[in-house]
file data.pdb (PDB, C-alpha atoms)
ATOM      1  CA  ARG A   4      15.811  12.483 -92.738
ATOM      2  CA  THR A   5      12.644  10.752 -91.695
ATOM      3  CA  LEU A   6      10.974  11.198 -88.358
ATOM      4  CA  TYR A   7      11.956   7.672 -87.333
ATOM      5  CA  ALA A   8      15.610   8.290 -88.120
ATOM      6  CA  PHE A   9      15.499  11.491 -86.064
ATOM      7  CA  PHE A  10      13.949   9.599 -83.125
ATOM      8  CA  VAL A  11      16.590   6.857 -83.299
ATOM      9  CA  ALA A  12      19.405   9.394 -83.367
ATOM     10  CA  ARG A  13      18.082  11.229 -80.338
ATOM     11  CA  VAL A  14      17.616   7.973 -78.448
ATOM     12  CA  GLN A  15      21.160   6.878 -79.219
ATOM     13  CA  ARG A  16      22.500  10.199 -78.045
ATOM     14  CA  ASN A  17      20.460  10.596 -74.857
ATOM     15  CA  LEU A  18      19.600   7.054 -73.694
ATOM     16  CA  HIS A  19      22.380   5.317 -71.777
ATOM     17  CA  ILE A  20      22.063   1.723 -70.642
ATOM     18  CA  ILE A  21      24.520   0.001 -68.358
ATOM     19  CA  LEU A  22      24.853  -3.763 -68.568
ATOM     20  CA  SER A  23      26.703  -5.560 -65.803
ATOM     21  CA  LEU A  24      27.976  -8.961 -66.875
ATOM     22  CA  ASP A  25      29.650 -11.587 -64.745
ATOM     23  CA  PRO A  26      32.641 -13.110 -66.587
ATOM     24  CA  THR A  27      32.539 -16.131 -64.293
ATOM     25  CA  HIS A  28      29.042 -17.040 -65.444
ATOM     26  CA  PRO A  29      28.955 -20.201 -67.607
ATOM     27  CA  GLU A  30      26.984 -18.407 -70.369
ATOM     28  CA  PHE A  31      29.108 -15.234 -70.411
ATOM     29  CA  LEU A  32      30.949 -16.049 -73.667
ATOM     30  CA  LEU A  33      27.794 -17.336 -75.356
ATOM     31  CA  ARG A  34      25.947 -14.113 -74.620
ATOM     32  CA  CYS A  35      28.822 -11.970 -75.840
ATOM     33  CA  GLU A  36      29.089 -13.941 -79.118
ATOM     34  CA  SER A  37      25.310 -13.783 -79.613
ATOM     35  CA  ASN A  38      25.348 -10.002 -79.270
ATOM     36  CA  PRO A  39      28.233  -8.524 -81.305
ATOM     37  CA  ALA A  40      26.842  -5.037 -80.734
ATOM     38  CA  LEU A  41      28.247  -5.300 -77.241
ATOM     39  CA  TYR A  42      31.672  -4.903 -78.855
ATOM     40  CA  THR A  43      30.804  -2.586 -81.775
ATOM     41  CA  LYS A  44      28.237  -0.220 -80.232
ATOM     42  CA  CYS A  45      29.164  -0.246 -76.534
ATOM     43  CA  ASN A  46      31.989   0.968 -74.359
ATOM     44  CA  ILE A  47      33.396  -1.854 -72.305
ATOM     45  CA  MET A  48      34.751  -1.246 -68.798
ATOM     46  CA  TRP A  49      36.428  -4.317 -67.388
ATOM     47  CA  LEU A  50      36.559  -4.021 -63.597
ATOM     48  CA  GLU A  51      38.406  -6.772 -61.828
ATOM     49  CA  ALA A  52      38.151  -5.105 -58.414
ATOM     50  CA  TRP A  53      37.025  -1.923 -56.698
ATOM     51  CA  THR A  54      39.271   0.481 -54.883
ATOM     52  CA  GLN A  55      39.534   0.268 -51.123
ATOM     53  CA  HIS A  56      37.566   3.502 -50.800
ATOM     54  CA  GLY A  57      34.820   2.143 -53.053
ATOM     55  CA  MET A  58      34.705  -1.133 -51.149
ATOM     56  CA  THR A  59      34.146   0.895 -47.958
ATOM     57  CA  GLU A  60      31.670   3.514 -49.190
ATOM     58  CA  VAL A  61      29.381   1.248 -51.230
ATOM     59  CA  PRO A  62      28.234  -0.948 -48.312
ATOM     60  CA  LYS A  63      27.923   2.133 -46.056
ATOM     61  CA  ASN A  64      25.595   3.840 -48.524
ATOM     62  CA  ARG A  65      23.751   0.644 -49.383
ATOM     63  CA  LEU A  66      23.233  -0.317 -45.739
ATOM     64  CA  LYS A  67      22.864   3.194 -44.370
ATOM     65  CA  GLU A  68      19.317   2.786 -43.114
ATOM     66  CA  THR A  69      19.932  -0.738 -41.825
ATOM     67  CA  LEU A  70      23.017   0.308 -39.892
ATOM     68  CA  GLN A  71      21.293   3.347 -38.371
ATOM     69  CA  GLU A  72      18.290   1.289 -37.229
ATOM     70  CA  ASN A  73      20.162  -1.709 -35.824
ATOM     71  CA  LEU A  74      23.506  -0.466 -34.489
ATOM     72  CA  PRO A  75      23.921   1.498 -31.244
ATOM     73  CA  GLU A  76      24.692   5.206 -31.467
ATOM     74  CA  GLU A  77      28.297   4.682 -30.342
ATOM     75  CA  GLN A  78      28.974   2.404 -33.348
ATOM     76  CA  ASP A  79      29.161   3.659 -36.944
ATOM     77  CA  GLY A  80      29.201   0.291 -38.777
ATOM     78  CA  ASP A  81      32.900   0.357 -39.699
ATOM     79  CA  HIS A  82      33.511  -2.958 -37.996
ATOM     80  CA  LEU A  83      30.722  -4.630 -39.961
ATOM     81  CA  VAL A  84      31.978  -3.133 -43.250
ATOM     82  CA  LYS A  85      35.496  -4.397 -42.548
ATOM     83  CA  GLN A  86      34.147  -7.873 -41.921
ATOM     84  CA  MET A  87      32.239  -7.779 -45.212
ATOM     85  CA  ILE A  88      35.354  -6.649 -47.099
ATOM     86  CA  TYR A  89      37.347  -9.415 -45.445
ATOM     87  CA  LEU A  90      34.811 -12.034 -46.520
ATOM     88  CA  HIS A  91      34.842 -10.749 -50.080
ATOM     89  CA  ASN A  92      38.638 -10.686 -50.260
ATOM     90  CA  THR A  93      38.786 -14.339 -49.259
ATOM     91  CA  SER A  94      36.728 -15.174 -52.372
ATOM     92  CA  VAL A  95      38.680 -13.068 -54.895
ATOM     93  CA  GLU A  96      41.190 -15.845 -55.517
ATOM     94  CA  ARG A  97      38.275 -18.119 -56.435
ATOM     95  CA  GLY A  98      36.851 -15.615 -58.926
ATOM     96  CA  GLY A  99      34.957 -13.283 -56.615
ATOM     97  CA  ALA A 100      33.935 -10.097 -58.425
ATOM     98  CA  PRO A 101      32.373  -6.798 -57.313
ATOM     99  CA  ARG A 102      28.993  -8.273 -58.342
ATOM    100  CA  ASN A 103      29.510 -10.958 -55.712
ATOM    101  CA  PHE A 104      30.318  -8.240 -53.193
ATOM    102  CA  MET A 105      26.987  -6.570 -53.999
ATOM    103  CA  THR A 106      25.258  -9.922 -53.546
ATOM    104  CA  LEU A 107      26.991 -10.251 -50.173
ATOM    105  CA  ILE A 108      25.783  -6.778 -49.179
ATOM    106  CA  ASP A 109      22.202  -7.573 -50.202
ATOM    107  CA  THR A 110      22.337 -10.908 -48.365
ATOM    108  CA  ILE A 111      23.601  -9.301 -45.170
ATOM    109  CA  ASP A 112      20.986  -6.586 -45.500
ATOM    110  CA  SER A 113      18.271  -9.228 -45.901
ATOM    111  CA  LEU A 114      19.586 -11.233 -42.946
ATOM    112  CA  TYR A 115      19.819  -8.108 -40.831
ATOM    113  CA  THR A 116      16.273  -7.097 -41.677
ATOM    114  CA  LYS A 117      14.855 -10.572 -41.116
ATOM    115  CA  ARG A 118      16.709 -11.039 -37.870
ATOM    116  CA  ARG A 119      15.655  -7.576 -36.699
ATOM    117  CA  GLU A 120      11.993  -8.376 -37.394
ATOM    118  CA  GLU A 121      12.348 -11.639 -35.472
ATOM    119  CA  LEU A 122      13.988  -9.837 -32.551
ATOM    120  CA  ILE A 123      11.322  -7.107 -32.574
ATOM    121  CA  LYS A 124       8.617  -9.771 -32.578
ATOM    122  CA  GLN A 125      10.350 -11.618 -29.749
ATOM    123  CA  GLN A 126      10.830  -8.340 -27.882
ATOM    124  CA  LYS A 127       7.135  -7.513 -28.174
ATOM    125  CA  PHE A 128       6.294 -11.033 -26.977
ATOM    126  CA  LEU A 129       8.633 -10.663 -24.000
ATOM    127  CA  GLN A 130       7.310  -7.184 -23.227
ATOM    128  CA  SER A 131       3.782  -8.547 -23.322
ATOM    129  CA  GLY A 132       4.870 -11.331 -20.965
ATOM    130  CA  LEU A 133       6.555  -8.823 -18.650
ATOM    131  CA  GLN A 134       3.424  -6.698 -18.681
ATOM    132  CA  LYS A 135       1.373  -9.746 -17.717
ATOM    133  CA  LEU A 136       3.872 -10.507 -14.959
ATOM    134  CA  ARG A 137       3.658  -6.917 -13.682
ATOM    135  CA  GLU A 138      -0.122  -7.091 -13.735
ATOM    136  CA  SER A 139      -0.007 -10.450 -11.961
ATOM    137  CA  SER A 140       2.423  -9.001  -9.433
ATOM    138  CA  GLU A 141       0.051  -6.093  -8.782
ATOM    139  CA  VAL A 142      -2.849  -8.522  -8.367
ATOM    140  CA  VAL A 143      -0.758 -10.674  -5.995
ATOM    141  CA  ASP A 144       0.260  -7.586  -3.993
ATOM    142  CA  LYS A 145      -3.363  -6.497  -3.787
ATOM    143  CA  LEU A 146      -4.490  -9.977  -2.728
ATOM    144  CA  SER A 147      -1.657 -10.134  -0.193
ATOM    145  CA  SER A 148      -2.738  -6.794   1.286
ATOM    146  CA  GLU A 149      -6.336  -7.988   1.424
ATOM    147  CA  ALA A 150      -5.211 -11.261   3.003
ATOM    148  CA  VAL A 151      -3.205  -9.375   5.652
ATOM    149  CA  GLU A 152      -6.203  -7.161   6.390
ATOM    150  CA  ALA A 153      -8.506 -10.187   6.484
ATOM    151  CA  GLU A 154      -6.093 -11.967   8.839
ATOM    152  CA  ARG A 155      -6.029  -8.894  11.095
ATOM    153  CA  LEU A 156      -9.828  -8.759  11.136
ATOM    154  CA  LEU A 157      -9.979 -12.506  11.770
ATOM    155  CA  LYS A 158      -7.639 -12.199  14.752
ATOM    156  CA  GLU A 159      -9.714  -9.302  16.065
ATOM    157  CA  LYS A 160     -12.939 -11.300  15.659
ATOM    158  CA  GLN A 161     -11.316 -14.327  17.305
ATOM    159  CA  LYS A 162     -10.255 -12.140  20.221
ATOM    160  CA  GLN A 163     -13.784 -10.758  20.528
ATOM    161  CA  ALA A 164     -15.201 -14.280  20.299
ATOM    162  CA  GLN A 165     -12.848 -15.477  23.059
ATOM    163  CA  GLU A 166     -13.881 -12.547  25.246
ATOM    164  CA  LYS A 167     -17.546 -13.354  24.577
ATOM    165  CA  MET A 168     -16.914 -17.007  25.421
ATOM    166  CA  LYS A 169     -15.260 -15.977  28.679
ATOM    167  CA  GLU A 170     -18.196 -13.703  29.433
ATOM    168  CA  ILE A 171     -20.702 -16.450  28.600
ATOM    169  CA  LYS A 172     -18.749 -18.916  30.712
ATOM    170  CA  ALA A 173     -18.679 -16.460  33.612
ATOM    171  CA  ASN A 174     -22.418 -15.861  33.182
ATOM    172  CA  LEU A 175     -23.040 -19.607  33.108
ATOM    173  CA  GLU A 176     -20.957 -20.076  36.212
ATOM    174  CA  GLY A 177     -22.818 -17.166  37.847
ATOM    175  CA  ALA A 178     -26.137 -18.663  36.744
ATOM    176  CA  ALA A 179     -25.127 -22.036  38.160
ATOM    177  CA  HIS A 180     -24.105 -20.348  41.395
ATOM    178  CA  ASP A 181     -27.394 -18.416  41.470
ATOM    179  CA  LYS A 182     -29.232 -21.627  40.753
ATOM    180  CA  GLN A 183     -27.508 -23.356  43.617
ATOM    181  CA  ARG A 184     -28.237 -20.376  45.862
ATOM    182  CA  ALA A 185     -31.861 -20.342  44.690
ATOM    183  CA  GLU A 186     -32.106 -24.047  45.461
ATOM    184  CA  VAL A 187     -30.658 -23.395  48.932
ATOM    185  CA  LEU A 188     -33.071 -20.493  49.451
ATOM    186  CA  SER A 189     -35.913 -22.659  48.146
ATOM    187  CA  ARG A 190     -35.071 -25.356  50.657
ATOM    188  CA  GLU A 191     -34.765 -22.720  53.371
ATOM    189  CA  LEU A 192     -38.141 -21.265  52.340
ATOM    190  CA  GLU A 193     -39.655 -24.704  52.435
ATOM    191  CA  GLY A 194     -38.269 -25.108  55.928
ATOM    192  CA  LYS A 195     -39.527 -21.629  56.913
ATOM    193  CA  GLU A 196     -42.884 -22.362  55.350
ATOM    194  CA  GLU A 197     -43.155 -25.507  57.413
ATOM    195  CA  GLU A 198     -42.230 -23.528  60.536
ATOM    196  CA  ILE A 199     -44.726 -20.799  59.569
ATOM    197  CA  GLN A 200     -47.376 -23.426  58.978
ATOM    198  CA  GLU A 201     -46.646 -24.963  62.356
ATOM    199  CA  SER A 202     -46.702 -21.506  63.996
ATOM    200  CA  ARG A 203     -49.919 -20.702  62.180
ATOM    201  CA  VAL A 204     -51.528 -23.861  63.443
ATOM    202  CA  GLN A 205     -50.277 -23.101  66.928
ATOM    203  CA  VAL A 206     -51.475 -19.483  66.737
ATOM    204  CA  GLU A 207     -54.843 -20.587  65.393
ATOM    205  CA  GLN A 208     -55.057 -23.078  68.229
ATOM    206  CA  GLU A 209     -54.173 -20.372  70.749
ATOM    207  CA  LEU A 210     -56.687 -18.005  69.123
ATOM    208  CA  ALA A 211     -59.271 -20.721  69.285
ATOM    209  CA  ASP A 212     -58.455 -21.133  72.978
ATOM    210  CA  CYS A 213     -58.600 -17.340  73.513
ATOM    211  CA  LYS A 214     -61.782 -16.814  71.551
ATOM    212  CA  PRO A 215     -64.181 -17.716  74.414
ATOM    213  CA  ILE A 216     -62.190 -15.469  76.696
ATOM    214  CA  LEU A 217     -62.387 -12.640  74.175
ATOM    215  CA  GLU A 218     -66.097 -13.166  73.733
ATOM    216  CA  HIS A 219     -66.550 -13.094  77.485
ATOM    217  CA  ALA A 220     -64.386  -9.963  77.731
ATOM    218  CA  LYS A 221     -66.374  -8.344  74.958
ATOM    219  CA  LYS A 222     -69.580  -9.020  76.737
ATOM    220  CA  ALA A 223     -68.066  -7.751  79.950
ATOM    221  CA  VAL A 224     -66.929  -4.525  78.262
ATOM    222  CA  GLY A 225     -70.325  -4.130  76.676
ATOM    223  CA  SER A 226     -71.913  -4.311  80.146
ATOM    224  CA  ILE A 227     -69.880  -1.351  81.446
ATOM    225  CA  ARG A 228     -72.074   1.676  81.903
ATOM    226  CA  LYS A 229     -71.250   5.332  81.609
ATOM    227  CA  ASP A 230     -71.727   5.788  85.271
ATOM    228  CA  ASN A 231     -69.024   3.230  85.975
ATOM    229  CA  LEU A 232     -66.606   5.179  83.727
ATOM    230  CA  ASN A 233     -67.448   8.453  85.425
ATOM    231  CA  GLU A 234     -66.839   6.797  88.757
ATOM    232  CA  LEU A 235     -63.407   5.628  87.595
ATOM    233  CA  LYS A 236     -62.530   9.120  86.374
ATOM    234  CA  SER A 237     -63.519  10.606  89.693
ATOM    235  CA  LEU A 238     -61.080   8.363  91.535
ATOM    236  CA  LYS A 239     -57.908  10.293  92.271
ATOM    237  CA  MET A 240     -56.102   7.283  93.710
ATOM    238  CA  PRO A 241     -57.762   4.191  92.222
ATOM    239  CA  PRO A 242     -57.248   0.879  93.978
ATOM    240  CA  GLU A 243     -54.251  -1.217  92.951
ATOM    241  CA  GLN A 244     -56.389  -3.790  91.131
ATOM    242  CA  ILE A 245     -58.173  -1.148  89.019
ATOM    243  CA  ARG A 246     -54.873   0.612  88.261
ATOM    244  CA  ASP A 247     -53.257  -2.622  87.029
ATOM    245  CA  VAL A 248     -56.212  -3.369  84.763
ATOM    246  CA  LEU A 249     -56.223   0.144  83.290
ATOM    247  CA  GLU A 250     -52.432   0.091  82.696
ATOM    248  CA  GLY A 251     -52.782  -3.211  80.893
ATOM    249  CA  VAL A 252     -55.544  -1.822  78.656
ATOM    250  CA  LEU A 253     -53.468   1.274  77.857
ATOM    251  CA  ARG A 254     -50.463  -0.828  76.987
ATOM    252  CA  LEU A 255     -52.574  -2.937  74.654
ATOM    253  CA  MET A 256     -53.789   0.244  72.980
ATOM    254  CA  GLY A 257     -50.156   1.437  72.478
ATOM    255  CA  ASN A 258     -50.126   4.052  75.224
ATOM    256  CA  GLN A 259     -47.306   3.969  77.744
TER     257      GLN A 259
END
call {"tool": "encode", "arguments": {"input": "data.pdb", "output": "structure tokens"}}
result
Amino acid sequence: RTLYAFFVARVQRNLHIILSLDPTHPEFLLRCESNPALYTKCNIMWLEAWTQHGMTEVPKNRLKETLQENLPEEQDGDHLVKQMIYLHNTSVERGGAPRNFMTLIDTIDSLYTKRREELIKQQKFLQSGLQKLRESSEVVDKLSSEAVEAERLLKEKQKQAQEKMKEIKANLEGAAHDKQRAEVLSRELEGKEEEIQESRVQVEQELADCKPILEHAKKAVGSIRKDNLNELKSLKMPPEQIRDVLEGVLRLMGNQ
């Protein structure tokens, strides 16, 4: 044997290739006639349908990851598998083969995956929107609290301003009253000043009248000698005229 013949023999013994052909395909017969080795060198297994167990287990294994990711924990995917089997059975009378069932499984898997991605994207979008709403709500709550505090401070300031206005008004009223009183006192002072001026003129006139008398009295006092004073002191019972004069002088000097 040659090396090539040995290689071919080993390949034929160890290499196994499975070809899955669809008998409903328009070119099925043409391909079989063009390749006679399919009849002479191959083992043909003609499967019209799978068993009920196979129809149930194949989609479960094929969609295992999809079902685990998308279905709730309380569901095991049996309902979905039954629906898929039902759809396939409705097409058997029209030539539906296990290959078509596999196509159905792949299609559902693709739809599931695509729809899941769309839902995840929509969920993220909604979560982002909810986050924005929560942040907006927090901002609104904060602004509301600040507005309440500002309103409280405003009311307090308004109350203080009203009290100040009342105080200013009272002060103005008091100032007006004081002004009126000052005007009254000013008029009274003017009247008193006129009276004082009149009294002053009168007093000055009286002083002017008394001045010659005072000058005369001064001269008279200056003419009194020491002997005259000693004579008065020696009098135990001075005459009534002298006593009256001396009492008057003492009274003028503040002695009783």
call {"tool": "axis_aligned_box", "arguments": {"input": "data.pdb", "around": "region 174-184 of chain A", "padding_each_side": "3 Å", "output": "JSON"}}
result
{"center_x": -25.1, "center_y": -19.6, "center_z": 39.5, "size_x": 14.3, "size_y": 13.5, "size_z": 18.8}
call {"tool": "resolve_selection", "arguments": {"input": "data.pdb", "expression": "the PyMOL selection byres ((chain A and resi 102-117) around 8)", "output": "ChimeraX atom specification"}}
result
/A:25,62,65-66,69,87,91,99-101,118-121
call {"tool": "write_last_selection", "arguments": {"input": "data.pdb", "atoms": "C-alpha atoms", "output": "short mmCIF file (atom, residue, chain, number, x, y, z; two decimals), in the coordinates of the input"}}
result
data_model
loop_
_atom_site.label_atom_id
_atom_site.label_comp_id
_atom_site.auth_asym_id
_atom_site.auth_seq_id
_atom_site.Cartn_x
_atom_site.Cartn_y
_atom_site.Cartn_z
CA ASP A 25 29.65 -11.59 -64.74
CA PRO A 62 28.23 -0.95 -48.31
CA ARG A 65 23.75 0.64 -49.38
CA LEU A 66 23.23 -0.32 -45.74
CA THR A 69 19.93 -0.74 -41.82
CA MET A 87 32.24 -7.78 -45.21
CA HIS A 91 34.84 -10.75 -50.08
CA GLY A 99 34.96 -13.28 -56.62
CA ALA A 100 33.94 -10.10 -58.42
CA PRO A 101 32.37 -6.80 -57.31
CA ARG A 118 16.71 -11.04 -37.87
CA ARG A 119 15.66 -7.58 -36.70
CA GLU A 120 11.99 -8.38 -37.39
CA GLU A 121 12.35 -11.64 -35.47
#
call {"tool": "atom_distance", "arguments": {"input": "data.pdb", "atom1": "CA of Ile227 (chain A)", "atom2": "CA of Gln244 (chain A)"}}
result
16.8 Å
call {"tool": "atom_distance", "arguments": {"input": "data.pdb", "atom1": "CA of Pro39 (chain A)", "atom2": "CA of Thr5 (chain A)"}}
result
26.9 Å
call {"tool": "atom_distance", "arguments": {"input": "data.pdb", "atom1": "CA of Thr54 (chain A)", "atom2": "CA of Val95 (chain A)"}}
result
13.6 Å
call {"tool": "closest_atom_pairs", "arguments": {"input": "data.pdb", "of": "region 131-247 of chain A", "to": "region 252-258 of chain A", "cutoff": "12 Å", "atoms": "all atoms listed in the file", "output": "JSON lines"}}
result
{"residue": "A:Val224", "atom": "CA", "partner": "A:Val252", "partner_atom": "CA", "distance": 11.7}
{"residue": "A:Ile245", "atom": "CA", "partner": "A:Val252", "partner_atom": "CA", "distance": 10.7}
{"residue": "A:Arg246", "atom": "CA", "partner": "A:Val252", "partner_atom": "CA", "distance": 9.9}
{"residue": "A:Asp247", "atom": "CA", "partner": "A:Val252", "partner_atom": "CA", "distance": 8.7}
call {"tool": "decode", "arguments": {"input": "data.pdb", "residues": "region 235-256 of chain A", "atoms": "N, CA, C and O atoms", "output": "CSV table (one decimal), in the first residue's frame"}}
result
chain,number,residue,atom,x,y,z
A,235,LEU,N,-24.4,155.7,119.4
A,235,LEU,CA,-25.5,154.8,119.3
A,235,LEU,C,-25.4,153.5,120.1
A,235,LEU,O,-26.3,153.0,120.7
A,236,LYS,N,-24.2,153.0,120.1
A,236,LYS,CA,-23.9,151.8,120.9
A,236,LYS,C,-24.1,152.0,122.4
A,236,LYS,O,-24.5,151.1,123.2
A,237,SER,N,-23.9,153.2,122.8
A,237,SER,CA,-24.0,153.5,124.3
A,237,SER,C,-25.4,153.7,124.7
A,237,SER,O,-25.7,153.7,125.9
A,238,LEU,N,-26.3,153.8,123.8
A,238,LEU,CA,-27.7,154.0,124.1
A,238,LEU,C,-28.3,152.7,124.4
A,238,LEU,O,-28.4,151.7,123.6
A,239,LYS,N,-28.8,152.6,125.7
A,239,LYS,CA,-29.5,151.3,126.1
A,239,LYS,C,-30.9,151.3,125.6
A,239,LYS,O,-31.4,150.2,125.2
A,240,MET,N,-31.6,152.4,125.5
A,240,MET,CA,-33.0,152.5,125.0
A,240,MET,C,-33.0,153.6,124.0
A,240,MET,O,-33.3,154.7,124.3
A,241,PRO,N,-32.6,153.3,122.7
A,241,PRO,CA,-32.5,154.3,121.7
A,241,PRO,C,-34.0,154.9,121.4
A,241,PRO,O,-34.9,154.1,121.6
A,242,PRO,N,-34.0,156.1,121.0
A,242,PRO,CA,-35.3,156.6,120.6
A,242,PRO,C,-36.0,155.8,119.5
A,242,PRO,O,-35.4,155.0,118.8
A,243,GLU,N,-37.3,156.0,119.5
A,243,GLU,CA,-38.1,155.2,118.5
A,243,GLU,C,-37.7,155.4,117.1
A,243,GLU,O,-37.6,154.5,116.3
A,244,GLN,N,-37.4,156.6,116.7
A,244,GLN,CA,-37.0,156.9,115.4
A,244,GLN,C,-35.7,156.2,115.0
A,244,GLN,O,-35.5,155.6,113.9
A,245,ILE,N,-34.7,156.2,115.9
A,245,ILE,CA,-33.4,155.6,115.7
A,245,ILE,C,-33.6,154.0,115.6
A,245,ILE,O,-33.0,153.4,114.8
A,246,ARG,N,-34.4,153.5,116.5
A,246,ARG,CA,-34.7,152.1,116.5
A,246,ARG,C,-35.3,151.6,115.2
A,246,ARG,O,-34.9,150.6,114.6
A,247,ASP,N,-36.3,152.4,114.7
A,247,ASP,CA,-36.9,152.0,113.4
A,247,ASP,C,-35.9,152.0,112.3
A,247,ASP,O,-35.9,151.1,111.4
A,248,VAL,N,-35.0,153.0,112.3
A,248,VAL,CA,-34.0,153.1,111.2
A,248,VAL,C,-33.1,151.9,111.2
A,248,VAL,O,-32.7,151.2,110.2
A,249,LEU,N,-32.6,151.6,112.5
A,249,LEU,CA,-31.6,150.5,112.6
A,249,LEU,C,-32.3,149.1,112.3
A,249,LEU,O,-31.7,148.3,111.7
A,250,GLU,N,-33.5,148.9,112.7
A,250,GLU,CA,-34.2,147.7,112.3
A,250,GLU,C,-34.4,147.5,110.8
A,250,GLU,O,-34.2,146.4,110.2
A,251,GLY,N,-34.7,148.6,110.1
A,251,GLY,CA,-34.8,148.6,108.7
A,251,GLY,C,-33.4,148.2,108.0
A,251,GLY,O,-33.4,147.4,107.1
A,252,VAL,N,-32.4,148.8,108.6
A,252,VAL,CA,-31.0,148.5,108.0
A,252,VAL,C,-30.7,147.0,108.2
A,252,VAL,O,-30.2,146.3,107.3
A,253,LEU,N,-31.0,146.5,109.4
A,253,LEU,CA,-30.7,145.1,109.7
A,253,LEU,C,-31.5,144.1,108.8
A,253,LEU,O,-31.0,143.1,108.3
A,254,ARG,N,-32.8,144.5,108.6
A,254,ARG,CA,-33.6,143.7,107.7
A,254,ARG,C,-33.0,143.7,106.3
A,254,ARG,O,-33.0,142.7,105.6
A,255,LEU,N,-32.6,144.9,105.8
A,255,LEU,CA,-32.0,144.9,104.5
A,255,LEU,C,-30.7,144.0,104.4
A,255,LEU,O,-30.4,143.5,103.4
A,256,MET,N,-30.0,143.9,105.5
A,256,MET,CA,-28.8,143.2,105.5
A,256,MET,C,-29.0,141.7,105.8
A,256,MET,O,-28.1,140.9,105.9
